[in-house]
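What follows is the content of input04.txt (compact mmCIF, C-alpha atoms).
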```
# COMPACT_ATOMS: atom_id res chain seq x y z
CA GLN U 1 34.62 54.25 -0.98
CA VAL U 2 33.97 52.16 -4.06
CA GLN U 3 34.92 48.52 -4.20
CA LEU U 4 34.74 46.27 -7.26
CA VAL U 5 35.12 42.52 -6.91
CA GLU U 6 35.33 40.29 -9.97
CA SER U 7 34.50 36.60 -10.08
CA GLY U 8 33.80 33.88 -12.62
CA GLY U 9 37.18 33.43 -14.22
CA GLY U 10 38.76 30.04 -14.77
CA LEU U 11 40.13 27.52 -17.25
CA VAL U 12 38.03 26.70 -20.29
CA GLN U 13 38.64 24.98 -23.61
CA ALA U 14 38.58 26.94 -26.84
CA GLY U 15 35.03 27.35 -28.04
CA GLY U 16 33.66 27.32 -24.52
CA SER U 17 31.95 30.00 -22.47
CA LEU U 18 32.40 31.86 -19.20
CA ARG U 19 30.43 34.57 -17.45
CA LEU U 20 32.32 37.12 -15.40
CA SER U 21 30.65 39.10 -12.65
CA CYS U 22 31.69 42.32 -10.93
CA ALA U 23 30.02 43.19 -7.66
CA ALA U 24 30.14 46.89 -6.84
CA SER U 25 29.75 48.62 -3.52
CA GLY U 26 29.85 52.26 -2.58
CA ARG U 27 28.31 55.11 -4.55
CA PRO U 28 25.20 54.46 -6.70
CA PHE U 29 26.21 51.89 -9.27
CA SER U 30 23.71 52.88 -11.94
CA MET U 31 24.96 56.46 -12.26
CA TYR U 32 28.30 55.59 -13.85
CA ALA U 33 29.55 53.90 -16.97
CA MET U 34 31.29 50.59 -16.43
CA ALA U 35 33.71 48.54 -18.46
CA TRP U 36 35.78 45.41 -18.71
CA PHE U 37 39.47 45.58 -19.58
CA ARG U 38 41.96 42.75 -19.88
CA GLN U 39 45.69 42.32 -19.70
CA ALA U 40 47.62 39.41 -21.17
CA PRO U 41 51.19 38.60 -20.06
CA GLY U 42 53.64 41.02 -21.57
CA LYS U 43 50.91 43.21 -23.06
CA GLU U 44 49.25 46.46 -22.11
CA ARG U 45 45.84 46.56 -20.51
CA GLU U 46 43.19 46.83 -23.23
CA PHE U 47 39.53 47.76 -23.38
CA VAL U 48 37.16 44.85 -23.95
CA ALA U 49 33.62 46.16 -23.48
CA GLY U 50 31.81 49.09 -21.91
CA ILE U 51 28.29 50.06 -20.94
CA SER U 52 27.12 53.60 -20.38
CA PHE U 53 24.93 55.05 -17.63
CA SER U 54 21.58 53.26 -17.91
CA TRP U 55 19.31 56.32 -18.06
CA SER U 56 20.94 57.24 -21.36
CA GLY U 57 20.07 53.88 -22.80
CA GLY U 58 22.81 51.70 -21.47
CA HIS U 59 24.64 51.77 -24.77
CA THR U 60 27.27 49.10 -25.15
CA TYR U 61 30.64 49.18 -26.87
CA TYR U 62 33.08 46.41 -27.78
CA THR U 63 36.55 46.09 -29.09
CA ASP U 64 36.52 44.58 -32.57
CA SER U 65 38.09 41.28 -31.54
CA VAL U 66 35.19 40.36 -29.23
CA LYS U 67 32.21 41.69 -31.19
CA GLY U 68 29.61 38.99 -31.68
CA ARG U 69 31.18 36.78 -29.00
CA PHE U 70 31.06 38.83 -25.78
CA THR U 71 28.10 40.61 -24.19
CA ILE U 72 28.34 43.19 -21.43
CA SER U 73 25.34 43.85 -19.22
CA ARG U 74 24.47 45.36 -15.87
CA ASP U 75 21.90 44.68 -13.17
CA ASN U 76 21.50 47.94 -11.29
CA ALA U 77 19.27 46.37 -8.64
CA LYS U 78 22.09 43.98 -7.76
CA ASN U 79 24.93 46.49 -8.31
CA THR U 80 26.54 43.94 -10.60
CA LEU U 81 28.25 44.10 -13.97
CA TYR U 82 28.53 41.03 -16.19
CA LEU U 83 30.54 39.87 -19.16
CA GLN U 84 29.22 36.86 -21.01
CA MET U 85 32.01 35.37 -23.09
CA ASN U 86 31.18 32.80 -25.77
CA SER U 87 33.26 31.09 -28.45
CA LEU U 88 36.38 31.74 -26.43
CA LYS U 89 39.75 31.67 -28.16
CA SER U 90 43.25 31.17 -26.82
CA GLU U 91 43.97 34.84 -27.49
CA ASP U 92 41.26 35.77 -24.95
CA THR U 93 43.54 34.46 -22.20
CA ALA U 94 44.21 37.34 -19.80
CA VAL U 95 43.41 38.83 -16.44
CA TYR U 96 40.05 40.57 -16.76
CA TYR U 97 39.38 43.75 -14.80
CA CYS U 98 36.14 45.52 -14.00
CA ALA U 99 36.32 49.31 -13.95
CA ARG U 100 34.06 52.23 -13.09
CA ALA U 101 34.22 55.38 -15.15
CA GLY U 102 34.29 58.87 -13.74
CA GLY U 103 31.31 59.79 -15.91
CA ILE U 104 28.26 58.43 -17.66
CA ILE U 105 29.74 57.45 -21.02
CA ALA U 106 31.89 54.37 -21.45
CA THR U 107 35.11 55.04 -23.30
CA MET U 108 38.02 52.90 -24.40
CA GLU U 109 40.51 55.04 -22.53
CA PHE U 110 42.18 53.60 -19.47
CA HIS U 111 42.53 57.00 -17.78
CA ASP U 112 38.76 57.64 -17.87
CA TYR U 113 38.22 54.97 -15.20
CA ASP U 114 38.83 55.79 -11.56
CA TYR U 115 38.03 52.54 -9.75
CA TRP U 116 39.30 49.05 -10.59
CA GLY U 117 38.78 45.56 -9.31
CA GLN U 118 41.60 43.15 -8.47
CA GLY U 119 41.09 41.11 -11.64
CA THR U 120 40.09 37.55 -12.43
CA GLN U 121 42.14 35.14 -14.53
CA VAL U 122 40.65 33.69 -17.70
CA THR U 123 42.65 30.93 -19.38
CA VAL U 124 41.52 29.42 -22.67
CA SER U 125 43.23 26.20 -23.69
CA SER U 126 43.52 25.33 -27.37
```
Structure encoded using structure tokens:
Amino acid sequence: QVQLVESGGGLVQAGGSLRLSCAASGRPFSMYAMAWFRQAPGKEREFVAGISFSWSGGHTYYTDSVKGRFTISRDNAKNTLYLQMNSLKSEDTAVYYCARAGGIIATMEFHDYDYWGQGTQVTVSS
């Protein structure tokens, strides 16, 4: 049984920063790709950032709208995934979800992820 629990969301002013965390339990954390998705009201869930299985280099991927502002990272010793979000904009407001892929490569495809957290709300005021 895999459980993912996000934390770190909250209310922040535009231009501010937040760091999201995702604590994982269950099967070896380091052997799977991980990702962050988000869903704004009335919109579909979208890929934000992903990080592949660490033995292959831990390559990271970002959606264009967050490149240069967000950084995804993982601490395999702590079974924790992070998302550092800087220069936040009002359009970043959404519920952010942590997800574990079924394989070692992070993709942007929702259906490639088999475990999801409950989500954490991020609200950016302008």
Would you kindly identify which residues have an atom no farther than 12 Å from (40.6, 53.6, -12.0), using only C-alpha atoms and the file's own coordinates, and write them out as a PyMOL selection string?
chain U and resi 2-4+34-37+97-103+109-118
Filtering to C-alpha atoms, could you give me those residues as a JSON list (two decimals), in the coordinates of the input?
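Result saved to out-v6.json:
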```json
[["chain", "number", "residue", "atom", "x", "y", "z"],
["U", 2, "VAL", "CA", 33.97, 52.16, -4.06],
["U", 3, "GLN", "CA", 34.92, 48.52, -4.20],
["U", 4, "LEU", "CA", 34.74, 46.27, -7.26],
["U", 34, "MET", "CA", 31.29, 50.59, -16.43],
["U", 35, "ALA", "CA", 33.71, 48.54, -18.46],
["U", 36, "TRP", "CA", 35.78, 45.41, -18.71],
["U", 37, "PHE", "CA", 39.47, 45.58, -19.58],
["U", 97, "TYR", "CA", 39.38, 43.75, -14.80],
["U", 98, "CYS", "CA", 36.14, 45.52, -14.00],
["U", 99, "ALA", "CA", 36.32, 49.31, -13.95],
["U", 100, "ARG", "CA", 34.06, 52.23, -13.09],
["U", 101, "ALA", "CA", 34.22, 55.38, -15.15],
["U", 102, "GLY", "CA", 34.29, 58.87, -13.74],
["U", 103, "GLY", "CA", 31.31, 59.79, -15.91],
["U", 109, "GLU", "CA", 40.51, 55.04, -22.53],
["U", 110, "PHE", "CA", 42.18, 53.60, -19.47],
["U", 111, "HIS", "CA", 42.53, 57.00, -17.78],
["U", 112, "ASP", "CA", 38.76, 57.64, -17.87],
["U", 113, "TYR", "CA", 38.22, 54.97, -15.20],
["U", 114, "ASP", "CA", 38.83, 55.79, -11.56],
["U", 115, "TYR", "CA", 38.03, 52.54, -9.75],
["U", 116, "TRP", "CA", 39.30, 49.05, -10.59],
["U", 117, "GLY", "CA", 38.78, 45.56, -9.31],
["U", 118, "GLN", "CA", 41.60, 43.15, -8.47]]
```
Which polymer residues have any atom within 6 Å of an atom of Val124 in chain U, counting only C-alpha atoms, with same-chain residues fewer than 5 positions away left out, as a PyMOL selection string?
chain U and resi 11-14+90+93
Lys89 in chain U: which residues within 12 Å, counting all atoms listed in the file, same-chain residues fewer than 5 positions away excluded, as a CSV table (one decimal) with C-alpha atoms, in the coordinates of the input?
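Generated output (part20.csv):
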```csv
chain,number,residue,atom,x,y,z
U,11,LEU,CA,40.1,27.5,-17.2
U,12,VAL,CA,38.0,26.7,-20.3
U,13,GLN,CA,38.6,25.0,-23.6
U,14,ALA,CA,38.6,26.9,-26.8
U,15,GLY,CA,35.0,27.4,-28.0
U,16,GLY,CA,33.7,27.3,-24.5
U,17,SER,CA,32.0,30.0,-22.5
U,18,LEU,CA,32.4,31.9,-19.2
U,65,SER,CA,38.1,41.3,-31.5
U,66,VAL,CA,35.2,40.4,-29.2
U,69,ARG,CA,31.2,36.8,-29.0
U,70,PHE,CA,31.1,38.8,-25.8
U,94,ALA,CA,44.2,37.3,-19.8
U,122,VAL,CA,40.6,33.7,-17.7
U,123,THR,CA,42.6,30.9,-19.4
U,124,VAL,CA,41.5,29.4,-22.7
U,125,SER,CA,43.2,26.2,-23.7
U,126,SER,CA,43.5,25.3,-27.4
```
Go ahead and fit an axis-aligned box to every listed atom of range 96-104 of chain U plus 4 Å each side, and pass me the centre and edge lengths in Å, one decimal, as AutoDock Vina command-line options.
```
--center_x 34.2 --center_y 50.2 --center_z -15.4 --size_x 19.8 --size_y 27.2 --size_z 12.6
```
Pairwise distance for CA of Pro41 in chain U and CA of Leu88 in chain U, rounded to one decimal in Å
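We find that CA of Pro41 in chain U and CA of Leu88 in chain U lie 17.5 Å from each other.
Atom pair CA of Arg38 in chain U / CA of Val95 in chain U: separated by 5.4 Å.
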From U:Ser54, U:Ser7, U:Ser87, U:Ser21, residue lying nearest Ile104 in chain U [only C-alpha atoms]
U:Ser54
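One finds CA of Asn76 in chain U at 12.1 Å from CA of Ser52 in chain U.
Remark: for Tyr96 in chain U, the closest of the candidate residues U:Thr60, U:Thr80, U:Thr71, U:Gln39 is U:Gln39 (distances computed over all atoms listed in the file).
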List the spatial neighbours of Leu83 in chain U as a PyMOL selection string - criterion: any atom at most 6 Å away, all atoms listed in the file, same-chain residues fewer than 6 positions off excluded.
chain U and resi 19-20+71-72
Just checking: using all atoms listed in the file, which residue out of U:Tyr82, U:Met108, U:Asp92, U:Tyr61 ends up closest to Glu46 in chain U?
U:Met108
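Candidate residues U:Ser73, U:Phe29, U:Gln84, U:Asn79 were compared for distance to Gly50 in chain U, and the nearest is U:Ser73, using all atoms listed in the file.
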Which residue is closest to Glu91 in chain U? Choose from U:Lys43, U:Tyr32, U:Cys22, U:Lys78 and count all atoms listed in the file.
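Smallest separation from Glu91 in chain U among the options: U:Lys43.
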Check the smallest atom-to-atom distance from each of U:Asp64, U:Gln1, U:Phe53, U:His59 to Met31 in chain U using all atoms listed in the file, then report the winner.
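Once distances to Met31 in chain U are computed over all atoms listed in the file, the minimum belongs to U:Phe53.
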